[in-house]
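Structure data (PDB, C-alpha atoms and all ligand atoms) from final_39.pdb:
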ATOM      1  CA  MET A   1      -3.397  -4.192 -21.511
ATOM      2  CA  GLN A   2      -6.733  -3.128 -20.075
ATOM      3  CA  LYS A   3      -7.114  -4.683 -16.641
ATOM      4  CA  VAL A   4     -10.393  -6.104 -15.375
ATOM      5  CA  LYS A   5     -12.152  -4.033 -12.733
ATOM      6  CA  LEU A   6     -12.760  -5.738  -9.414
ATOM      7  CA  PRO A   7     -16.502  -6.154  -8.733
ATOM      8  CA  ILE A   8     -17.596  -4.103  -5.702
ATOM      9  CA  SER A   9     -19.128  -7.151  -4.049
ATOM     10  CA  VAL A  10     -19.390 -10.875  -4.712
ATOM     11  CA  ASP A  11     -21.328 -13.849  -3.415
ATOM     12  CA  PRO A  12     -18.473 -15.606  -1.573
ATOM     13  CA  VAL A  13     -20.312 -18.931  -1.331
ATOM     14  CA  ARG A  14     -20.823 -19.248  -5.055
ATOM     15  CA  ALA A  15     -17.297 -17.965  -5.693
ATOM     16  CA  ALA A  16     -15.849 -20.549  -3.276
ATOM     17  CA  GLN A  17     -17.833 -23.376  -4.830
ATOM     18  CA  SER A  18     -16.480 -22.583  -8.265
ATOM     19  CA  GLY A  19     -12.966 -21.832  -6.997
ATOM     20  CA  THR A  20     -13.060 -18.335  -8.453
ATOM     21  CA  GLU A  21      -9.822 -16.422  -8.923
ATOM     22  CA  LEU A  22      -9.874 -12.729  -9.665
ATOM     23  CA  GLU A  23      -6.998 -10.559 -10.737
ATOM     24  CA  ALA A  24      -8.323  -7.059 -11.119
ATOM     25  CA  ILE A  25      -7.885  -3.393 -10.365
ATOM     26  CA  ILE A  26      -9.846  -0.889  -8.328
ATOM     27  CA  GLN A  27      -9.789   2.611  -9.759
ATOM     28  CA  LYS A  28      -8.008   4.848  -7.284
ATOM     29  CA  ALA A  29     -10.785   7.452  -7.384
ATOM     30  CA  LEU A  30     -13.116   4.932  -5.714
ATOM     31  CA  LEU A  31     -11.082   4.686  -2.501
ATOM     32  CA  ARG A  32     -11.911   7.981  -0.799
ATOM     33  CA  ARG A  33     -10.840   6.972   2.702
ATOM     34  CA  LEU A  34      -7.428   5.880   1.454
ATOM     35  CA  ALA A  35      -7.133   9.138  -0.479
ATOM     36  CA  GLU A  36      -7.957  11.085   2.704
ATOM     37  CA  SER A  37      -5.327   9.148   4.665
ATOM     38  CA  THR A  38      -2.568  10.012   2.164
ATOM     39  CA  ILE A  39      -1.452  12.957   0.029
ATOM     40  CA  SER A  40      -2.184  11.027  -3.135
ATOM     41  CA  ILE A  41      -2.673   7.535  -4.506
ATOM     42  CA  GLN A  42      -0.161   6.939  -7.267
ATOM     43  CA  SER A  43      -2.090   4.485  -9.451
ATOM     44  CA  ASP A  44      -5.081   2.196  -9.589
ATOM     45  CA  ILE A  45      -4.957  -0.562  -6.977
ATOM     46  CA  SER A  46      -3.861  -4.056  -8.057
ATOM     47  CA  THR A  47      -5.769  -6.839  -6.364
ATOM     48  CA  LYS A  48      -5.887 -10.601  -6.453
ATOM     49  CA  PHE A  49      -8.548 -12.785  -4.828
ATOM     50  CA  THR A  50      -8.830 -16.565  -4.511
ATOM     51  CA  PHE A  51     -12.050 -18.112  -3.208
ATOM     52  CA  GLU A  52     -12.062 -21.639  -1.840
ATOM     53  CA  ILE A  53     -13.600 -24.110   0.594
ATOM     54  CA  ASP A  54     -11.166 -25.107   3.327
ATOM     55  CA  ARG A  55     -10.805 -28.521   5.054
ATOM     56  CA  GLN A  56     -13.425 -27.612   7.641
ATOM     57  CA  LYS A  57     -15.806 -26.780   4.784
ATOM     58  CA  LEU A  58     -15.605 -23.076   5.537
ATOM     59  CA  ARG A  59     -15.935 -20.767   2.556
ATOM     60  CA  ILE A  60     -12.938 -18.494   2.673
ATOM     61  CA  PHE A  61     -11.010 -16.164   0.430
ATOM     62  CA  HIS A  62      -7.430 -14.993   0.245
ATOM     63  CA  GLY A  63      -6.594 -11.586  -1.094
ATOM     64  CA  LYS A  64      -3.681  -9.331  -1.964
ATOM     65  CA  ALA A  65      -3.713  -5.643  -2.723
ATOM     66  CA  SER A  66      -0.918  -3.265  -3.568
ATOM     67  CA  VAL A  67      -0.494   0.373  -4.483
ATOM     68  CA  ALA A  68       2.008   3.156  -3.991
ATOM     69  CA  VAL A  69       0.838   6.218  -2.091
ATOM     70  CA  GLU A  70       2.399   9.534  -1.241
ATOM     71  CA  LEU A  71       2.876  10.411   2.436
ATOM     72  CA  ILE A  72       4.646  13.201   4.285
ATOM     73  CA  CYS A  73       7.986  12.330   5.832
ATOM     74  CA  GLN A  74       7.787  13.210   9.526
ATOM     75  CA  ARG A  75      11.507  13.918   9.628
ATOM     76  CA  CYS A  76      11.900  16.411   6.779
ATOM     77  CA  ASN A  77       8.267  17.295   5.913
ATOM     78  CA  GLU A  78       8.822  16.430   2.261
ATOM     79  CA  PRO A  79       6.602  14.001   0.337
ATOM     80  CA  MET A  80       7.689  10.382   0.102
ATOM     81  CA  ILE A  81       6.403   7.363  -1.810
ATOM     82  CA  TYR A  82       5.214   4.469   0.298
ATOM     83  CA  GLN A  83       4.404   1.059  -1.178
ATOM     84  CA  CYS A  84       1.334  -0.506   0.468
ATOM     85  CA  GLU A  85       1.250  -4.306   0.323
ATOM     86  CA  ALA A  86      -1.696  -5.997   1.997
ATOM     87  CA  GLU A  87      -2.293  -9.718   2.294
ATOM     88  CA  PHE A  88      -5.313 -11.201   4.054
ATOM     89  CA  THR A  89      -7.647 -14.173   4.471
ATOM     90  CA  TYR A  90     -11.310 -13.723   5.335
ATOM     91  CA  CYS A  91     -14.146 -16.023   6.222
ATOM     92  CA  PRO A  92     -17.651 -14.622   5.697
ATOM     93  CA  VAL A  93     -19.970 -15.050   8.703
ATOM     94  CA  HIS A  94     -23.671 -14.501   9.368
ATOM     95  CA  ASN A  95     -23.577 -13.911  13.122
ATOM     96  CA  GLN A  96     -21.540 -13.489  16.279
ATOM     97  CA  GLU A  97     -21.559 -17.209  17.051
ATOM     98  CA  GLN A  98     -19.951 -18.050  13.706
ATOM     99  CA  GLU A  99     -17.484 -15.242  14.248
ATOM    100  CA  ASN A 100     -16.500 -16.593  17.687
ATOM    101  CA  ASN A 101     -15.916 -20.075  16.284
ATOM    102  CA  LEU A 102     -13.603 -18.957  13.495
ATOM    103  CA  PRO A 103     -10.045 -20.246  13.453
ATOM    104  CA  ASP A 104      -7.659 -17.405  14.350
ATOM    105  CA  VAL A 105      -6.060 -17.356  10.920
ATOM    106  CA  TYR A 106      -9.247 -15.956   9.385
ATOM    107  CA  GLU A 107     -10.641 -12.471   9.634
ATOM    108  CA  PRO A 108     -14.422 -12.438   9.930
ATOM    109  CA  ILE A 109     -16.460 -10.447   7.422
ATOM    110  CA  TYR A 110     -20.225 -10.140   7.616
ATOM    111  CA  TYR A 111     -22.471 -10.983   4.682
ATOM    112  CA  ASP A 112     -24.578  -8.034   3.563
ATOM    113  CA  GLU A 113     -28.343  -8.292   3.057
ATOM    114  CA  ASN A 114     -27.789  -9.804  -0.400
ATOM    115  CA  GLY A 115     -25.519 -12.546   0.887
ATOM    116  CA  GLU A 116     -22.488 -10.795  -0.582
ATOM    117  CA  VAL A 117     -19.301  -9.251   0.801
ATOM    118  CA  ASN A 118     -17.896  -5.898  -0.245
ATOM    119  CA  LEU A 119     -14.425  -6.445  -1.712
ATOM    120  CA  HIS A 120     -13.685  -2.758  -2.248
ATOM    121  CA  GLU A 121     -14.226  -2.018   1.441
ATOM    122  CA  ILE A 122     -11.998  -4.911   2.452
ATOM    123  CA  VAL A 123      -9.204  -3.741   0.156
ATOM    124  CA  GLU A 124      -9.503  -0.173   1.378
ATOM    125  CA  ASP A 125      -9.467  -1.202   5.065
ATOM    126  CA  GLU A 126      -6.494  -3.491   4.522
ATOM    127  CA  LEU A 127      -4.490  -0.853   2.631
ATOM    128  CA  ILE A 128      -5.150   1.766   5.318
ATOM    129  CA  LEU A 129      -3.898  -0.738   7.908
ATOM    130  CA  THR A 130      -0.567  -1.001   6.081
ATOM    131  CA  LEU A 131       0.118   2.741   6.398
ATOM    132  CA  PRO A 132       2.896   3.452   8.895
ATOM    133  CA  GLN A 133       1.936   5.402  12.020
ATOM    134  CA  ILE A 134       4.970   7.561  11.542
ATOM    135  CA  SER A 135       6.132   7.806   7.950
ATOM    136  CA  LYS A 136       9.785   8.503   7.313
ATOM    137  CA  HIS A 137      12.051   8.360   4.283
ATOM    138  CA  ALA A 138      14.747   5.736   4.314
ATOM    139  CA  ILE A 139      17.645   7.511   6.032
ATOM    140  CA  GLU A 140      19.674   7.829   2.802
ATOM    141  CA  ASP A 141      16.711   9.394   0.966
ATOM    142  CA  CYS A 142      15.694  11.876   3.618
ATOM    143  CA  GLU A 143      16.431  15.555   3.022
ATOM    144  CA  GLU A 144      16.913  16.121   6.732
ATOM    145  CA  SER A 145      19.554  13.409   7.160
ATOM    146  CA  LYS A 146      21.160  13.932   3.757
ATOM    147  CA  PHE A 147      22.400  17.248   5.001
ATOM    148  CA  GLU A 148      23.961  15.725   8.095
ATOM    149  CA  LEU A 149      25.308  12.635   6.337
ATOM    150  CA  THR A 150      26.998  14.268   3.363
ATOM    151  CA  PHE A 151      27.977  17.680   4.624
ATOM    152  CA  GLY A 152      31.589  16.622   5.137
ATOM    153  CA  GLU A 153      31.847  14.831   1.788
ATOM    154  CA  ILE A 154      30.622  17.838  -0.172
ATOM    155  CA  GLU A 155      33.306  20.045   1.339
ATOM    156  CA  GLU A 156      36.006  17.568   0.395
ATOM    157  CA  GLU A 157      34.754  17.291  -3.179
ATOM    158  CA  GLU A 158      34.756  21.035  -3.594
ATOM    159  CA  GLU A 159      38.367  21.262  -2.542
ATOM    160  CA  GLN A 160      39.472  18.567  -4.994
ATOM    161  CA  ARG A 161      37.461  19.765  -7.954
ATOM    162  CA  PRO A 162      39.196  22.520  -9.976
ATOM    163  CA  ASN A 163      37.218  25.698  -9.633
ATOM    164  CA  PRO A 164      36.300  27.021 -13.122
ATOM    165  CA  PHE A 165      36.333  30.602 -11.895
ATOM    166  CA  GLU A 166      39.744  30.130 -10.408
ATOM    167  CA  ALA A 167      40.982  28.880 -13.794
ATOM    168  CA  LEU A 168      39.453  31.891 -15.500
ATOM    169  CA  ALA A 169      40.996  34.223 -12.973
ATOM    170  CA  GLN A 170      44.432  32.711 -13.663
ATOM    171  CA  LEU A 171      43.956  33.196 -17.421
ATOM    172  CA  LYS A 172      43.118  36.842 -16.849
ATOM    173  CA  ARG A 173      46.174  37.293 -14.682
ATOM    174  CA  LYS A 174      48.364  36.002 -17.549
TER     175      LYS A 174
HETATM  176 ZN    ZN B 201      12.493  12.777   4.882
END

As a first step, turn the structure in this file into C-alpha cells.
Amino acid sequence: MQKVKLPISVDPVRAAQSGTELEAIIQKALLRRLAESTISIQSDISTKFTFEIDRQKLRIFHGKASVAVELICQRCNEPMIYQCEAEFTYCPVHNQEQENNLPDVYEPIYYDENGEVNLHEIVEDELILTLPQISKHAIEDCEESKFELTFGEIEEEEEQRPNPFEALAQLKRK
C-alpha cells in the first residue's frame, strides 16, 4: 500500500480545531541530518500526528516517529541496526512569554512566518535525540563478546563432533 507523505509543515491551529490525525511517511532521503548522524537510514520514516485543543485551550499536537538506522558498534566496530522510536508532544508558541508559561509536559515550537510549524524538522530532531551516545550491540550479538562468550563451547563441540577427515583417514588405513 502506498503510504501518504507527511506534509513538510502544517497550520497547527487549523489542524487542532479540526482534530486532524495524520499517519504518514517521510522519505528517508529528506532527512539529511539524520543520515549524517548514522551510517544509513534503513527505510522511510513512519510518523503519526494527532492535533487537538487541550483543557486549557492550548493547541497542541502529539507525535510518534520510528525508523531503523545503522550505527557502528563501539565495542566491535561492526555495523549494527538501531531502532529509533520517538514520542513527543508540542505546543506551538509565538513568543518567549508563551514559551515560559507552557506546562512542562509540552515542548515549545515556534510558528514560522506563515503561522505553520515544520513537522519534518521536528521528526528529524526527535529521531536524532533517540540515538544512543555510545552505540553497542546487545552482548549476545556483538562480534567482540561472541568470541569471549562462546570460545569454550566451540572447543567442546569440535571434540564431540566426528571429524570427517579422521573418518576418511581410517578408511584409507583399512
Ligand atoms: Zn558489536

Legend entry - Hits from the PyMOL selection byres (((chain A and resi 39) around 9) and not hetatm), listed as a list in words: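 Output from the PyMOL selection byres (((chain A and resi 39) around 9) and not hetatm), applied to this file: Ala35, Glu36, Ser37, Thr38, Ser40, Ile41, Val69, Glu70, Leu71, Ile72 and Pro79 of chain A.
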
Legend entry - d(atom CA of A:Leu6, atom CA of A:Pro92) in Å: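 A separation of 18.2 Å between them.
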
Legend entry - Expected selection as a list in words for ligand ZN 201 (chain B) within 8 Å, only C-alpha atoms and all ligand atoms: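 I would give the residues around ligand ZN 201 (chain B) as Ile72, Cys73, Gln74, Arg75, Cys76, Asn77, Glu78, Pro79, Met80, Lys136, His137, Ala138, Ile139, Asp141, Cys142, Glu143, Glu144 and Ser145 of chain A.
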
Inset, instruction - For the file shown, report as number ranges by chain the outcome of the PyMOL selection byres (((chain A and resi 90) around 10) and not hetatm) at residue level. - result: A: 51, 59-63, 88-89, 91-93, 102, 105-110, 122

Legend entry - Residues within 10 Å of (2.1, 0.1, -3.2), file coords, all atoms listed in the file, listed as a list in words: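 The requested residues, written out, are Ile41, Gln42, Ser43, Asp44, Ile45, Ser46, Ala65, Ser66, Val67, Ala68, Val69, Glu70, Ile81, Tyr82, Gln83, Cys84, Glu85, Ala86, Leu127 and Thr130 of chain A.
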
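Restricting the calculation to all atoms listed in the file, the smallest distance between A:Lys48 and any of A:Pro103, A:Pro132, A:Gly115, A:Pro7 is found for A:Pro7.
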